[in-house]
file target28.cif (mmCIF, C-alpha atoms and all ligand atoms)
data_query
loop_
_atom_site.label_atom_id
_atom_site.label_comp_id
_atom_site.auth_asym_id
_atom_site.auth_seq_id
_atom_site.Cartn_x
_atom_site.Cartn_y
_atom_site.Cartn_z
CA MET R 1 -19.50 -7.13 17.26
CA SER R 2 -15.76 -7.38 17.64
CA ILE R 3 -13.45 -9.16 15.25
CA LYS R 4 -13.08 -11.87 17.85
CA ASP R 5 -16.86 -12.32 18.20
CA ASN R 6 -17.22 -12.61 14.45
CA TYR R 7 -14.41 -15.11 14.47
CA GLN R 8 -16.05 -17.26 17.13
CA LEU R 9 -19.27 -17.41 15.14
CA ALA R 10 -17.50 -18.16 11.88
CA LYS R 11 -15.37 -20.80 13.56
CA LYS R 12 -18.50 -22.67 14.64
CA GLU R 13 -19.68 -22.85 11.04
CA TYR R 14 -16.44 -24.45 9.95
CA GLU R 15 -16.30 -26.74 12.95
CA LYS R 16 -19.61 -28.27 11.91
CA TRP R 17 -17.64 -29.72 9.04
CA GLY R 18 -14.82 -30.92 11.24
CA VAL R 19 -12.45 -28.14 10.18
CA ASN R 20 -10.02 -27.27 12.98
CA VAL R 21 -9.74 -23.51 12.55
CA ASP R 22 -7.10 -22.82 15.22
CA GLU R 23 -4.92 -25.52 13.74
CA ALA R 24 -5.41 -24.00 10.29
CA LEU R 25 -4.19 -20.63 11.54
CA GLU R 26 -1.15 -22.23 13.20
CA LYS R 27 -0.26 -23.95 9.94
CA LEU R 28 -0.72 -20.77 7.95
CA LYS R 29 1.65 -18.91 10.25
CA SER R 30 4.48 -21.26 9.31
CA VAL R 31 4.27 -20.80 5.54
CA PRO R 32 6.75 -18.28 4.14
CA ILE R 33 6.01 -16.49 0.89
CA SER R 34 9.04 -15.32 -1.04
CA ILE R 35 8.34 -11.68 -1.88
CA HIS R 36 10.12 -10.45 -5.02
CA CYS R 37 12.04 -7.24 -4.40
CA TRP R 38 11.66 -6.15 -8.04
CA GLN R 39 8.07 -4.91 -7.69
CA GLY R 40 9.53 -2.00 -5.75
CA ASP R 41 11.62 -0.50 -8.56
CA ASP R 42 10.19 -1.90 -11.80
CA VAL R 43 12.94 -4.54 -12.18
CA GLY R 44 15.58 -1.81 -12.35
CA GLY R 45 18.26 -2.86 -9.88
CA PHE R 46 21.16 -0.72 -8.69
CA GLU R 47 23.99 -1.44 -11.08
CA VAL R 48 26.28 1.53 -11.58
CA ASN R 49 26.00 1.18 -15.34
CA GLN R 50 22.30 0.35 -15.23
CA GLN R 51 20.80 -0.72 -18.53
CA GLU R 52 17.29 -0.67 -19.81
CA LEU R 53 15.09 -3.63 -18.91
CA SER R 54 15.42 -6.34 -21.55
CA GLY R 55 14.79 -10.06 -21.87
CA GLY R 56 11.29 -9.84 -23.28
CA ILE R 57 9.63 -8.72 -20.06
CA ASP R 58 8.11 -5.30 -19.60
CA VAL R 59 6.90 -3.01 -16.84
CA THR R 60 4.34 -0.38 -17.73
CA GLY R 61 3.10 2.60 -15.75
CA ASN R 62 4.69 5.68 -14.21
CA TYR R 63 3.26 5.86 -10.71
CA PRO R 64 5.51 8.18 -8.71
CA GLY R 65 7.74 7.10 -5.84
CA LYS R 66 9.66 4.08 -7.10
CA ALA R 67 12.71 3.10 -5.08
CA THR R 68 15.96 4.31 -6.63
CA THR R 69 18.41 3.19 -3.94
CA PRO R 70 18.80 0.00 -1.89
CA GLU R 71 17.93 1.98 1.25
CA GLU R 72 14.68 3.15 -0.31
CA LEU R 73 13.83 -0.33 -1.53
CA ARG R 74 14.46 -1.84 1.90
CA SER R 75 12.43 0.84 3.58
CA ASP R 76 9.53 0.20 1.16
CA LEU R 77 9.79 -3.53 1.76
CA GLU R 78 9.66 -2.94 5.51
CA ILE R 79 6.34 -1.13 5.15
CA ALA R 80 4.92 -3.91 3.01
CA LEU R 81 6.18 -6.57 5.45
CA SER R 82 4.49 -4.72 8.31
CA LEU R 83 1.15 -5.00 6.52
CA ILE R 84 1.36 -8.70 5.64
CA PRO R 85 0.60 -11.31 8.31
CA GLY R 86 3.35 -13.87 9.03
CA LYS R 87 7.11 -14.19 8.54
CA HIS R 88 8.13 -14.16 4.92
CA ARG R 89 11.20 -14.05 2.69
CA VAL R 90 12.60 -11.54 0.24
CA ASN R 91 13.71 -12.59 -3.22
CA LEU R 92 16.63 -10.66 -4.75
CA HIS R 93 18.12 -10.49 -8.22
CA ALA R 94 21.84 -10.09 -8.92
CA ILE R 95 21.22 -6.53 -10.18
CA TYR R 96 20.40 -5.52 -6.60
CA ALA R 97 24.06 -5.83 -5.59
CA GLU R 98 25.64 -2.92 -3.71
CA THR R 99 29.06 -2.15 -5.10
CA ASP R 100 29.84 1.26 -3.60
CA GLY R 101 29.79 3.11 -6.89
CA GLU R 102 32.21 0.66 -8.48
CA VAL R 103 31.43 -1.17 -11.72
CA VAL R 104 31.50 -4.86 -10.89
CA GLU R 105 30.84 -7.22 -13.78
CA ARG R 106 28.15 -9.76 -13.07
CA ASP R 107 30.60 -12.65 -13.23
CA GLU R 108 32.65 -10.91 -10.54
CA LEU R 109 29.85 -10.52 -8.00
CA LYS R 110 30.67 -11.76 -4.51
CA PRO R 111 28.79 -12.28 -1.25
CA LYS R 112 30.27 -9.02 0.05
CA HIS R 113 28.13 -7.12 -2.45
CA PHE R 114 25.06 -8.38 -0.64
CA GLU R 115 26.23 -7.89 2.92
CA LYS R 116 23.84 -5.03 3.55
CA TRP R 117 20.91 -7.09 2.35
CA VAL R 118 21.96 -9.92 4.65
CA ASN R 119 22.32 -7.62 7.65
CA TRP R 120 18.93 -6.16 6.91
CA ALA R 121 17.38 -9.64 6.58
CA LYS R 122 18.88 -10.53 9.96
CA GLU R 123 17.30 -7.47 11.53
CA GLN R 124 13.96 -8.39 9.98
CA GLY R 125 14.34 -12.05 10.96
CA ILE R 126 13.65 -13.22 7.41
CA GLY R 127 15.30 -15.45 4.79
CA LEU R 128 16.51 -14.39 1.35
CA ASP R 129 16.25 -16.04 -2.05
CA PHE R 130 18.22 -15.23 -5.16
CA ASN R 131 18.26 -15.02 -8.97
CA PRO R 132 21.13 -14.51 -11.38
CA THR R 133 20.20 -11.70 -13.78
CA LEU R 134 20.61 -12.79 -17.40
CA PHE R 135 18.94 -9.77 -19.00
CA SER R 136 19.33 -5.96 -19.08
CA HIS R 137 22.96 -6.41 -20.15
CA ALA R 138 24.99 -5.94 -23.34
CA LYS R 139 25.88 -9.64 -23.35
CA ALA R 140 22.15 -10.49 -23.47
CA ASP R 141 21.35 -8.09 -26.31
CA ASP R 142 21.13 -10.89 -28.89
CA GLY R 143 18.34 -12.47 -26.90
CA LEU R 144 20.63 -15.39 -26.11
CA THR R 145 22.72 -16.07 -22.99
CA LEU R 146 23.44 -19.61 -21.78
CA ALA R 147 22.43 -20.92 -25.22
CA HIS R 148 24.40 -18.32 -27.22
CA PRO R 149 26.49 -19.76 -30.09
CA ASP R 150 29.46 -17.67 -28.90
CA LYS R 151 31.37 -19.57 -26.23
CA ASP R 152 32.72 -16.43 -24.59
CA ILE R 153 29.21 -15.14 -24.01
CA ARG R 154 28.05 -18.49 -22.68
CA ASP R 155 31.04 -18.71 -20.37
CA PHE R 156 30.39 -15.24 -19.00
CA TRP R 157 26.85 -16.21 -18.05
CA ILE R 158 27.97 -19.58 -16.68
CA ARG R 159 30.38 -17.74 -14.37
CA HIS R 160 27.59 -15.37 -13.38
CA CYS R 161 25.28 -18.25 -12.46
CA ILE R 162 27.99 -19.95 -10.40
CA ALA R 163 28.73 -16.66 -8.62
CA SER R 164 25.00 -16.32 -7.93
CA ARG R 165 24.76 -19.78 -6.39
CA GLU R 166 27.67 -18.88 -4.12
CA ILE R 167 26.01 -15.64 -3.08
CA ALA R 168 22.82 -17.56 -2.32
CA ALA R 169 24.78 -20.08 -0.24
CA PHE R 170 26.12 -17.13 1.76
CA PHE R 171 22.52 -16.04 2.40
CA GLY R 172 21.65 -19.55 3.48
CA LYS R 173 24.59 -19.82 5.85
CA GLU R 174 24.15 -16.40 7.39
CA LEU R 175 20.39 -16.55 7.75
CA GLY R 176 20.04 -20.17 8.79
CA SER R 177 17.64 -21.14 6.04
CA PRO R 178 18.53 -22.29 2.52
CA ALA R 179 18.16 -19.77 -0.27
CA LEU R 180 16.45 -20.76 -3.49
CA THR R 181 18.47 -19.76 -6.54
CA ASN R 182 16.25 -19.63 -9.58
CA ILE R 183 17.73 -19.54 -13.05
CA TRP R 184 15.56 -17.93 -15.68
CA ILE R 185 16.98 -16.95 -19.05
CA PRO R 186 15.28 -15.08 -21.91
CA ASP R 187 16.87 -17.17 -24.70
CA GLY R 188 14.72 -17.71 -27.74
CA TYR R 189 13.85 -16.56 -31.24
CA LYS R 190 11.28 -14.13 -32.59
CA ASP R 191 10.61 -16.24 -35.63
CA ILE R 192 10.40 -19.89 -36.54
CA PRO R 193 13.76 -21.54 -35.89
CA SER R 194 15.51 -23.72 -38.43
CA ASP R 195 17.11 -25.66 -35.59
CA ARG R 196 15.49 -26.10 -32.22
CA LEU R 197 17.86 -28.71 -30.93
CA THR R 198 21.28 -27.06 -31.04
CA PRO R 199 20.43 -24.15 -28.69
CA ARG R 200 18.84 -26.62 -26.28
CA GLN R 201 21.94 -28.78 -26.37
CA ARG R 202 24.01 -25.72 -25.52
CA LEU R 203 21.69 -24.74 -22.68
CA LYS R 204 21.90 -28.25 -21.26
CA ASN R 205 25.70 -28.15 -21.36
CA SER R 206 25.80 -24.69 -19.77
CA LEU R 207 23.55 -25.85 -16.94
CA ASP R 208 25.74 -28.91 -16.40
CA GLU R 209 28.75 -26.63 -15.99
CA ILE R 210 26.91 -24.33 -13.61
CA PHE R 211 25.79 -27.19 -11.39
CA GLN R 212 29.12 -28.95 -11.49
CA VAL R 213 30.17 -26.67 -8.67
CA GLU R 214 28.78 -28.47 -5.67
CA ILE R 215 27.02 -26.42 -3.04
CA ASP R 216 25.50 -27.84 0.12
CA GLU R 217 21.72 -27.96 -0.12
CA LYS R 218 21.63 -26.87 3.48
CA TYR R 219 22.51 -23.43 2.13
CA ASN R 220 21.40 -23.27 -1.46
CA ILE R 221 18.67 -24.99 -3.47
CA ASP R 222 18.71 -24.68 -7.28
CA ALA R 223 15.64 -24.14 -9.41
CA VAL R 224 15.09 -23.66 -13.14
CA GLU R 225 12.20 -21.64 -14.59
CA SER R 226 10.68 -22.41 -17.96
CA LYS R 227 8.77 -20.15 -20.29
CA LEU R 228 6.50 -20.35 -23.30
CA PHE R 229 7.28 -17.09 -25.07
CA GLY R 230 8.48 -13.56 -24.45
CA ILE R 231 8.52 -10.27 -26.33
CA GLY R 232 11.00 -11.02 -29.09
CA SER R 233 10.95 -14.77 -28.46
CA GLU R 234 7.41 -15.40 -29.66
CA ALA R 235 8.19 -18.41 -31.82
CA TYR R 236 10.65 -20.33 -29.71
CA VAL R 237 12.02 -20.35 -26.17
CA VAL R 238 15.04 -22.55 -25.54
CA GLY R 239 14.17 -23.25 -21.90
CA SER R 240 10.66 -24.60 -22.47
CA HIS R 241 8.63 -26.51 -19.89
CA GLU R 242 9.58 -29.93 -21.22
CA PHE R 243 13.22 -28.93 -21.41
CA TYR R 244 13.44 -27.91 -17.77
CA MET R 245 11.13 -30.58 -16.46
CA GLY R 246 13.41 -33.18 -18.00
CA TYR R 247 16.51 -31.41 -16.79
CA ALA R 248 15.27 -30.94 -13.25
CA LEU R 249 14.09 -34.52 -12.80
CA LYS R 250 17.26 -35.98 -14.19
CA ASN R 251 19.58 -33.72 -12.23
CA ASN R 252 17.70 -33.42 -8.99
CA LYS R 253 16.92 -29.72 -9.37
CA LEU R 254 13.66 -27.95 -8.65
CA CYS R 255 11.25 -26.99 -11.40
CA LEU R 256 9.91 -23.51 -10.97
CA LEU R 257 6.49 -22.97 -12.50
CA ASP R 258 5.52 -19.38 -13.25
CA THR R 259 1.74 -19.04 -13.62
CA GLY R 260 2.21 -16.69 -16.58
CA HIS R 261 4.41 -19.04 -18.56
CA TYR R 262 1.90 -21.45 -20.07
CA HIS R 263 -0.78 -21.48 -22.73
CA PRO R 264 -3.76 -19.41 -21.56
CA THR R 265 -5.96 -22.38 -20.70
CA GLU R 266 -3.13 -24.43 -19.20
CA MET R 267 -3.25 -24.09 -15.42
CA VAL R 268 -0.38 -24.42 -12.98
CA SER R 269 -2.84 -25.65 -10.33
CA ASN R 270 -3.32 -28.77 -12.42
CA LYS R 271 0.42 -29.42 -12.65
CA ILE R 272 1.30 -29.42 -8.95
CA SER R 273 0.03 -32.91 -8.06
CA ALA R 274 1.53 -34.43 -11.20
CA MET R 275 4.94 -32.90 -10.64
CA LEU R 276 5.01 -33.81 -6.95
CA LEU R 277 4.68 -37.48 -7.82
CA TYR R 278 8.13 -37.32 -9.35
CA SER R 279 9.85 -34.55 -7.48
CA GLU R 280 10.02 -34.01 -3.75
CA LYS R 281 9.82 -30.25 -4.09
CA LEU R 282 8.55 -27.66 -6.49
CA ALA R 283 8.83 -23.88 -6.72
CA LEU R 284 6.27 -21.37 -7.93
CA HIS R 285 6.25 -17.85 -9.29
CA VAL R 286 2.71 -16.79 -8.63
CA SER R 287 1.82 -14.06 -11.09
CA ARG R 288 -1.26 -12.96 -13.05
CA PRO R 289 -1.19 -13.05 -16.82
CA VAL R 290 -3.80 -10.83 -18.46
CA ARG R 291 -4.06 -11.91 -22.11
CA TRP R 292 -0.30 -12.49 -22.10
CA ASP R 293 2.51 -12.93 -19.54
CA SER R 294 1.77 -9.44 -18.24
CA ASP R 295 2.72 -9.94 -14.58
CA HIS R 296 -0.26 -8.12 -13.10
CA VAL R 297 -0.66 -8.02 -9.31
CA VAL R 298 -2.00 -11.31 -7.99
CA ILE R 299 -5.70 -11.22 -7.12
CA LEU R 300 -7.83 -13.77 -5.28
CA ASP R 301 -9.22 -15.31 -8.45
CA ASP R 302 -10.30 -18.88 -9.12
CA GLU R 303 -6.85 -20.01 -10.21
CA LEU R 304 -5.16 -18.60 -7.12
CA LYS R 305 -7.72 -20.40 -4.93
CA GLU R 306 -7.14 -23.59 -6.88
CA ILE R 307 -3.37 -23.31 -6.39
CA GLY R 308 -3.93 -22.86 -2.65
CA LEU R 309 -6.23 -25.88 -2.59
CA GLU R 310 -3.78 -28.08 -4.46
CA ILE R 311 -0.96 -27.19 -2.08
CA VAL R 312 -3.06 -27.70 1.02
CA ARG R 313 -5.08 -30.78 0.14
CA ASN R 314 -2.00 -32.59 -1.12
CA ASP R 315 -0.25 -31.84 2.15
CA ALA R 316 2.42 -29.95 0.23
CA LEU R 317 2.85 -26.76 2.27
CA ASP R 318 6.48 -27.69 2.88
CA LYS R 319 7.07 -29.08 -0.59
CA VAL R 320 5.95 -26.15 -2.71
CA MET R 321 8.15 -23.11 -2.31
CA ILE R 322 5.84 -20.21 -3.00
CA GLY R 323 7.33 -17.12 -4.60
CA LEU R 324 5.65 -14.15 -6.22
CA ASP R 325 6.49 -12.53 -9.54
CA PHE R 326 4.56 -9.48 -10.65
CA PHE R 327 5.48 -5.90 -11.44
CA ASP R 328 2.97 -3.14 -11.89
CA ALA R 329 4.24 0.44 -12.13
CA SER R 330 0.79 1.97 -12.58
CA ILE R 331 -0.16 1.76 -8.88
CA ASN R 332 1.55 2.41 -5.57
CA ARG R 333 4.27 -0.24 -5.45
CA VAL R 334 4.06 -0.88 -1.71
CA ALA R 335 0.33 -1.45 -2.17
CA ALA R 336 1.06 -3.84 -5.04
CA TRP R 337 3.23 -6.02 -2.78
CA THR R 338 0.68 -5.83 0.01
CA ILE R 339 -2.31 -6.73 -2.17
CA GLY R 340 -0.56 -9.58 -3.98
CA THR R 341 1.03 -11.15 -0.91
CA ARG R 342 -2.07 -10.86 1.25
CA ASN R 343 -4.00 -12.56 -1.55
CA MET R 344 -1.54 -15.43 -1.75
CA ILE R 345 -1.93 -15.97 1.99
CA LYS R 346 -5.71 -15.68 1.74
CA SER R 347 -5.77 -18.43 -0.88
CA LEU R 348 -3.91 -20.77 1.50
CA LEU R 349 -6.23 -19.89 4.37
CA TYR R 350 -9.25 -20.46 2.14
CA ALA R 351 -7.90 -23.90 1.28
CA LEU R 352 -7.13 -24.74 4.92
CA LEU R 353 -10.76 -24.05 5.83
CA VAL R 354 -12.30 -26.39 3.29
CA PRO R 355 -13.27 -29.93 4.47
CA ASN R 356 -10.76 -31.43 2.09
CA GLU R 357 -10.87 -34.97 3.42
CA HIS R 358 -14.63 -35.10 3.19
CA LEU R 359 -14.59 -33.76 -0.36
CA LYS R 360 -11.99 -36.34 -1.39
CA GLN R 361 -14.18 -39.05 0.07
CA LEU R 362 -17.19 -37.83 -1.90
CA GLN R 363 -15.18 -38.06 -5.08
CA GLU R 364 -14.02 -41.58 -4.27
CA GLU R 365 -17.64 -42.57 -3.74
CA GLY R 366 -18.62 -41.06 -7.06
CA ASN R 367 -20.86 -38.55 -5.34
CA PHE R 368 -20.23 -35.67 -7.68
CA THR R 369 -23.47 -33.88 -6.85
CA GLU R 370 -22.48 -33.35 -3.25
CA ARG R 371 -18.87 -32.63 -4.21
CA LEU R 372 -19.97 -29.72 -6.39
CA ALA R 373 -22.64 -28.53 -3.96
CA ILE R 374 -20.29 -28.33 -1.00
CA MET R 375 -17.40 -26.83 -2.91
CA GLU R 376 -19.75 -24.10 -4.10
CA GLU R 377 -21.41 -23.45 -0.75
CA PHE R 378 -18.02 -23.06 0.90
CA LYS R 379 -17.31 -20.10 -1.33
CA THR R 380 -19.75 -18.05 0.74
CA TYR R 381 -18.80 -19.41 4.15
CA PRO R 382 -17.60 -16.64 6.52
CA PHE R 383 -13.99 -16.83 5.39
CA GLY R 384 -13.51 -13.06 5.82
CA ALA R 385 -14.16 -13.25 9.56
CA ILE R 386 -11.38 -15.81 9.99
CA TRP R 387 -9.00 -13.80 7.81
CA ASP R 388 -9.70 -10.60 9.80
CA TYR R 389 -9.04 -12.39 13.07
CA TYR R 390 -5.80 -13.84 11.69
CA CYS R 391 -4.60 -10.36 10.67
CA GLU R 392 -5.47 -8.94 14.08
CA LYS R 393 -3.78 -11.81 15.89
CA MET R 394 -0.66 -11.40 13.75
CA GLY R 395 -0.53 -7.69 14.53
CA VAL R 396 -1.19 -6.37 11.03
CA PRO R 397 -4.00 -4.10 9.83
CA VAL R 398 -7.42 -5.67 9.42
CA LYS R 399 -9.32 -5.45 6.12
CA GLU R 400 -8.49 -2.41 3.98
CA SER R 401 -7.20 -0.38 6.94
CA TRP R 402 -3.62 -1.07 5.69
CA LEU R 403 -4.32 1.46 2.94
CA LYS R 404 -4.06 4.26 5.51
CA ASP R 405 -0.49 3.22 6.30
CA VAL R 406 0.40 3.09 2.61
CA LYS R 407 -1.17 6.48 2.02
CA SER R 408 0.70 8.17 4.82
CA TYR R 409 3.97 6.53 3.73
CA GLU R 410 3.29 7.80 0.25
CA LYS R 411 2.63 11.29 1.54
CA GLU R 412 5.66 11.43 3.84
CA ILE R 413 8.23 9.43 1.89
CA LEU R 414 7.32 8.31 -1.62
CA SER R 415 6.08 11.69 -2.81
CA THR R 416 9.38 13.32 -1.88
CA ARG R 417 11.33 11.12 -4.32
CA ASP R 418 12.08 12.42 -7.81
C1 LIG R 501 10.32 -13.74 -16.71
C2 LIG R 501 10.35 -14.59 -15.51
C3 LIG R 501 11.30 -14.16 -14.43
C4 LIG R 501 11.32 -12.67 -14.17
C5 LIG R 501 12.10 -12.27 -12.96
C6 LIG R 501 12.37 -10.80 -12.91
O1 LIG R 501 9.30 -14.05 -17.57
O2 LIG R 501 9.06 -14.74 -14.99
O3 LIG R 501 11.03 -14.88 -13.27
O4 LIG R 501 10.03 -12.17 -14.07
O5 LIG R 501 13.25 -12.99 -12.86
ZN ZN R 502 8.89 -15.73 -13.11
#

call {"tool": "encode", "arguments": {"input": "target28.cif", "output": "structure tokens", "more": "lines below"}}
Ligand code: RNT
Ligand code: ZN
result
Amino acid sequence: MSIKDNYQLAKKEYEKWGVNVDEALEKLKSVPISIHCWQGDDVGGFEVNQQELSGGIDVTGNYPGKATTPEELRSDLEIALSLIPGKHRVNLHAIYAETDGEVVERDELKPKHFEKWVNWAKEQGIGLDFNPTLFSHAKADDGLTLAHPDKDIRDFWIRHCIASREIAAFFGKELGSPALTNIWIPDGYKDIPSDRLTPRQRLKNSLDEIFQVEIDEKYNIDAVESKLFGIGSEAYVVGSHEFYMGYALKNNKLCLLDTGHYHPTEMVSNKISAMLLYSEKLALHVSRPVRWDSDHVVILDDELKEIGLEIVRNDALDKVMIGLDFFDASINRVAAWTIGTRNMIKSLLYALLVPNEHLKQLQEEGNFTERLAIMEEFKTYPFGAIWDYYCEKMGVPVKESWLKDVKSYEKEILSTRD
């Protein structure tokens, strides 16, 4: 039986429940996932005076073949993009600037340092997103940046964030789709603070200064990412969830929820509907915490499915900006991107194929027996046949056959890198 035959049979099963499968695939095609460039080089970046990764995040593993130049990183991304169905976006960090061997301080970065990325994105027909980098830098060594007691240090990072928003606006203008600029800072304390308020007051003031510079939302959209703890900031993080949720709602910015940044039993899937009642849009960093904020490659687990369901059944595919954030250096990095991104897309497809309206109705009627029964039975509906057909239709490898491409790329290219 061909993939198409399997699809036709599977489609009939879903149609019995009133699910319009062709429409689901059309919808899926239009959802961009923002793929983080930093999986390709272990959050290293290409600064001339590159510093060790800091900020309380960590990448473990020494799988050979990591990208060490922008050309290598783009080439690796191209392979991953060719294995993922749909048109997506690439998410850059300021440390991925190209400065021609010159040391350019982060507060001096300009759009011209990202011209090659923009030209590449044009060739690929994709959009770009952006992040100021407030870690891996001498001025972040105290574990404080925008909330630092020293005004000079704060001002440096404020200038860096403004420069970043301007770079993102350049992306938006050039590529015809607004870039999301996400501010995440590592600021916090290892041990119990004697004053939680003052650093938060400083962070609030720093953000106000950063956003004082007006940038057209046609080109750049601002987001702020909260966190619970990091390595070295176990007791207190300045930019907590409540801090940024308050800030974002009051100042019309987007909250970015990273799935690894909450207490272990606190789920981002449960936050989406609540946040969307008060904010038109929301951004995500889909990651996979294993016992801590470990940023493992995203798998198709229950929480990922639940996130997909919440986005789809709340009609929020254009309200939730989906980005990925994981970094595993113990496996082939192109495979890591491919696995994680394909899984994110699978979770949306899974959700699009569930009779969501019917299930909502059952809940309204108090029919919890049928609600549970149908939700469970749908887990073994022939979802794989629809996914395979989608991959074939979108011109990307079906099932695990993409591994062949990754293996030959590894043999020909990755294994020749030092
Ligand atoms: C850190 C945050 C942040 C980073 C990236 C590299 O905990 O999740 O998003 O992972 O900016
Ligand atoms: Zn994140």

call {"tool": "closest_atom_pairs", "arguments": {"input": "target28.cif", "of": "chain R", "to": "ligand ZN 502 (chain R)", "cutoff": "7 Å", "atoms": "only C-alpha atoms and all ligand atoms", "output": "Markdown table"}}
result
| residue | atom | partner | partner_atom | distance |
| --- | --- | --- | --- | --- |
| R:Glu225 | CA | R:ZN502 | ZN | 6.9 |
| R:Asp258 | CA | R:ZN502 | ZN | 5.0 |
| R:His285 | CA | R:ZN502 | ZN | 5.1 |
| R:Asp325 | CA | R:ZN502 | ZN | 5.4 |

call {"tool": "atom_distance", "arguments": {"input": "target28.cif", "atom1": "CA of Ile322 (chain R)", "atom2": "CA of Asn182 (chain R)"}}
result
12.3 Å

call {"tool": "residues_around", "arguments": {"input": "target28.cif", "residues": "Ala179 (chain R)", "least_positions_apart": "4", "cutoff": "8 Å", "atoms": "only C-alpha atoms", "output": "list in words"}}
result
Gly127, Leu128, Asp129, Phe130, Ala168, Ala169, Phe171, Gly172, Tyr219, Asn220 and Ile221 of chain R

call {"tool": "closest_residue", "arguments": {"input": "target28.cif", "among": "R:Ala163, R:Leu403, R:Ile231, R:Ile331", "to": "Asp107 (chain R)", "atoms": "only C-alpha atoms"}}
result
R:Ala163

call {"tool": "residues_near_ligand", "arguments": {"input": "target28.cif", "ligand": "ligand LIG 501 (chain R)", "cutoff": "10 Å", "atoms": "only C-alpha atoms and all ligand atoms", "output": "number ranges by chain"}}
result
R: 36-39, 42-44, 53, 55-58, 91-94, 130-135, 182-186, 224-231, 256-261, 284-287, 293-295, 323-327

call {"tool": "atom_distance", "arguments": {"input": "target28.cif", "atom1": "CA of Gly86 (chain R)", "atom2": "CA of Pro289 (chain R)"}}
result
26.3 Å

call {"tool": "closest_residue", "arguments": {"input": "target28.cif", "among": "R:Ile84, R:His241, R:Gly45, R:Ile79", "to": "Glu98 (chain R)", "atoms": "all atoms listed in the file"}}
result
R:Gly45

call {"tool": "closest_residue", "arguments": {"input": "target28.cif", "among": "R:Arg196, R:Arg288, R:Lys11, R:Lys271", "to": "Glu310 (chain R)", "atoms": "only C-alpha atoms"}}
result
R:Lys271

call {"tool": "atom_distance", "arguments": {"input": "target28.cif", "atom1": "CA of Val398 (chain R)", "atom2": "CA of Arg333 (chain R)"}}
result
19.7 Å

call {"tool": "residues_near_point", "arguments": {"input": "target28.cif", "point": "(7.3, 8.2, -5.8)", "cutoff": "7 Å", "atoms": "only C-alpha atoms", "output": "number ranges by chain"}}
result
R: 63-66, 414-418

call {"tool": "write_last_selection", "arguments": {"input": "target28.cif", "atoms": "C-alpha atoms", "output": "PDB file, keeping the file's coordinate frame"}}
result
ATOM      1  CA  TYR R  63       3.260   5.860 -10.710  1.00  0.00           C
ATOM      2  CA  PRO R  64       5.510   8.180  -8.710  1.00  0.00           C
ATOM      3  CA  GLY R  65       7.740   7.100  -5.840  1.00  0.00           C
ATOM      4  CA  LYS R  66       9.660   4.080  -7.100  1.00  0.00           C
ATOM      5  CA  LEU R 414       7.320   8.310  -1.620  1.00  0.00           C
ATOM      6  CA  SER R 415       6.080  11.690  -2.810  1.00  0.00           C
ATOM      7  CA  THR R 416       9.380  13.320  -1.880  1.00  0.00           C
ATOM      8  CA  ARG R 417      11.330  11.120  -4.320  1.00  0.00           C
ATOM      9  CA  ASP R 418      12.080  12.420  -7.810  1.00  0.00           C
TER      10      ASP R 418
END

call {"tool": "closest_residue", "arguments": {"input": "target28.cif", "among": "R:Ser2, R:Thr60, R:Thr145, R:Thr68", "to": "Ser206 (chain R)", "atoms": "all atoms listed in the file"}}
result
R:Thr145

call {"tool": "axis_aligned_box", "arguments": {"input": "target28.cif", "around": "region 216-235 of chain R", "padding_each_side": "5 Å", "output": "lines of an AutoDock Vina configuration file"}}
result
center_x = 16.0
center_y = -19.1
center_z = -14.2
size_x = 29.0
size_y = 27.7
size_z = 45.3

call {"tool": "closest_residue", "arguments": {"input": "target28.cif", "among": "R:Leu309, R:Leu359, R:Ala335, R:Ala385", "to": "Lys407 (chain R)", "atoms": "only C-alpha atoms"}}
result
R:Ala335

call {"tool": "closest_residue", "arguments": {"input": "target28.cif", "among": "R:Ile35, R:Asn6, R:Leu207, R:Ala235", "to": "Ser194 (chain R)", "atoms": "only C-alpha atoms"}}
result
R:Ala235

call {"tool": "residues_around", "arguments": {"input": "target28.cif", "residues": "Leu300 (chain R)", "least_positions_apart": "2", "cutoff": "10 Å", "atoms": "all atoms listed in the file", "output": "PyMOL selection string"}}
result
chain R and resi 298+302-306+339-340+342-347

call {"tool": "residues_near_point", "arguments": {"input": "target28.cif", "point": "(3.2, -29.4, 7.6)", "cutoff": "12 Å", "atoms": "only C-alpha atoms", "output": "PyMOL selection string"}}
result
chain R and resi 23-24+26-31+311-320+352

call {"tool": "residues_around", "arguments": {"input": "target28.cif", "residues": "Ala97 (chain R)", "least_positions_apart": "3", "cutoff": "10 Å", "atoms": "all atoms listed in the file", "output": "short mmCIF file (atom, residue, chain, number, x, y, z; two decimals) with C-alpha atoms, keeping the file's coordinate frame"}}
result
data_model
loop_
_atom_site.label_atom_id
_atom_site.label_comp_id
_atom_site.auth_asym_id
_atom_site.auth_seq_id
_atom_site.Cartn_x
_atom_site.Cartn_y
_atom_site.Cartn_z
CA GLY R 45 18.26 -2.86 -9.88
CA PHE R 46 21.16 -0.72 -8.69
CA GLU R 47 23.99 -1.44 -11.08
CA VAL R 48 26.28 1.53 -11.58
CA PRO R 70 18.80 0.00 -1.89
CA LEU R 92 16.63 -10.66 -4.75
CA HIS R 93 18.12 -10.49 -8.22
CA ALA R 94 21.84 -10.09 -8.92
CA ASP R 100 29.84 1.26 -3.60
CA VAL R 104 31.50 -4.86 -10.89
CA ARG R 106 28.15 -9.76 -13.07
CA LEU R 109 29.85 -10.52 -8.00
CA LYS R 110 30.67 -11.76 -4.51
CA PRO R 111 28.79 -12.28 -1.25
CA LYS R 112 30.27 -9.02 0.05
CA HIS R 113 28.13 -7.12 -2.45
CA PHE R 114 25.06 -8.38 -0.64
CA GLU R 115 26.23 -7.89 2.92
CA LYS R 116 23.84 -5.03 3.55
CA TRP R 117 20.91 -7.09 2.35
#
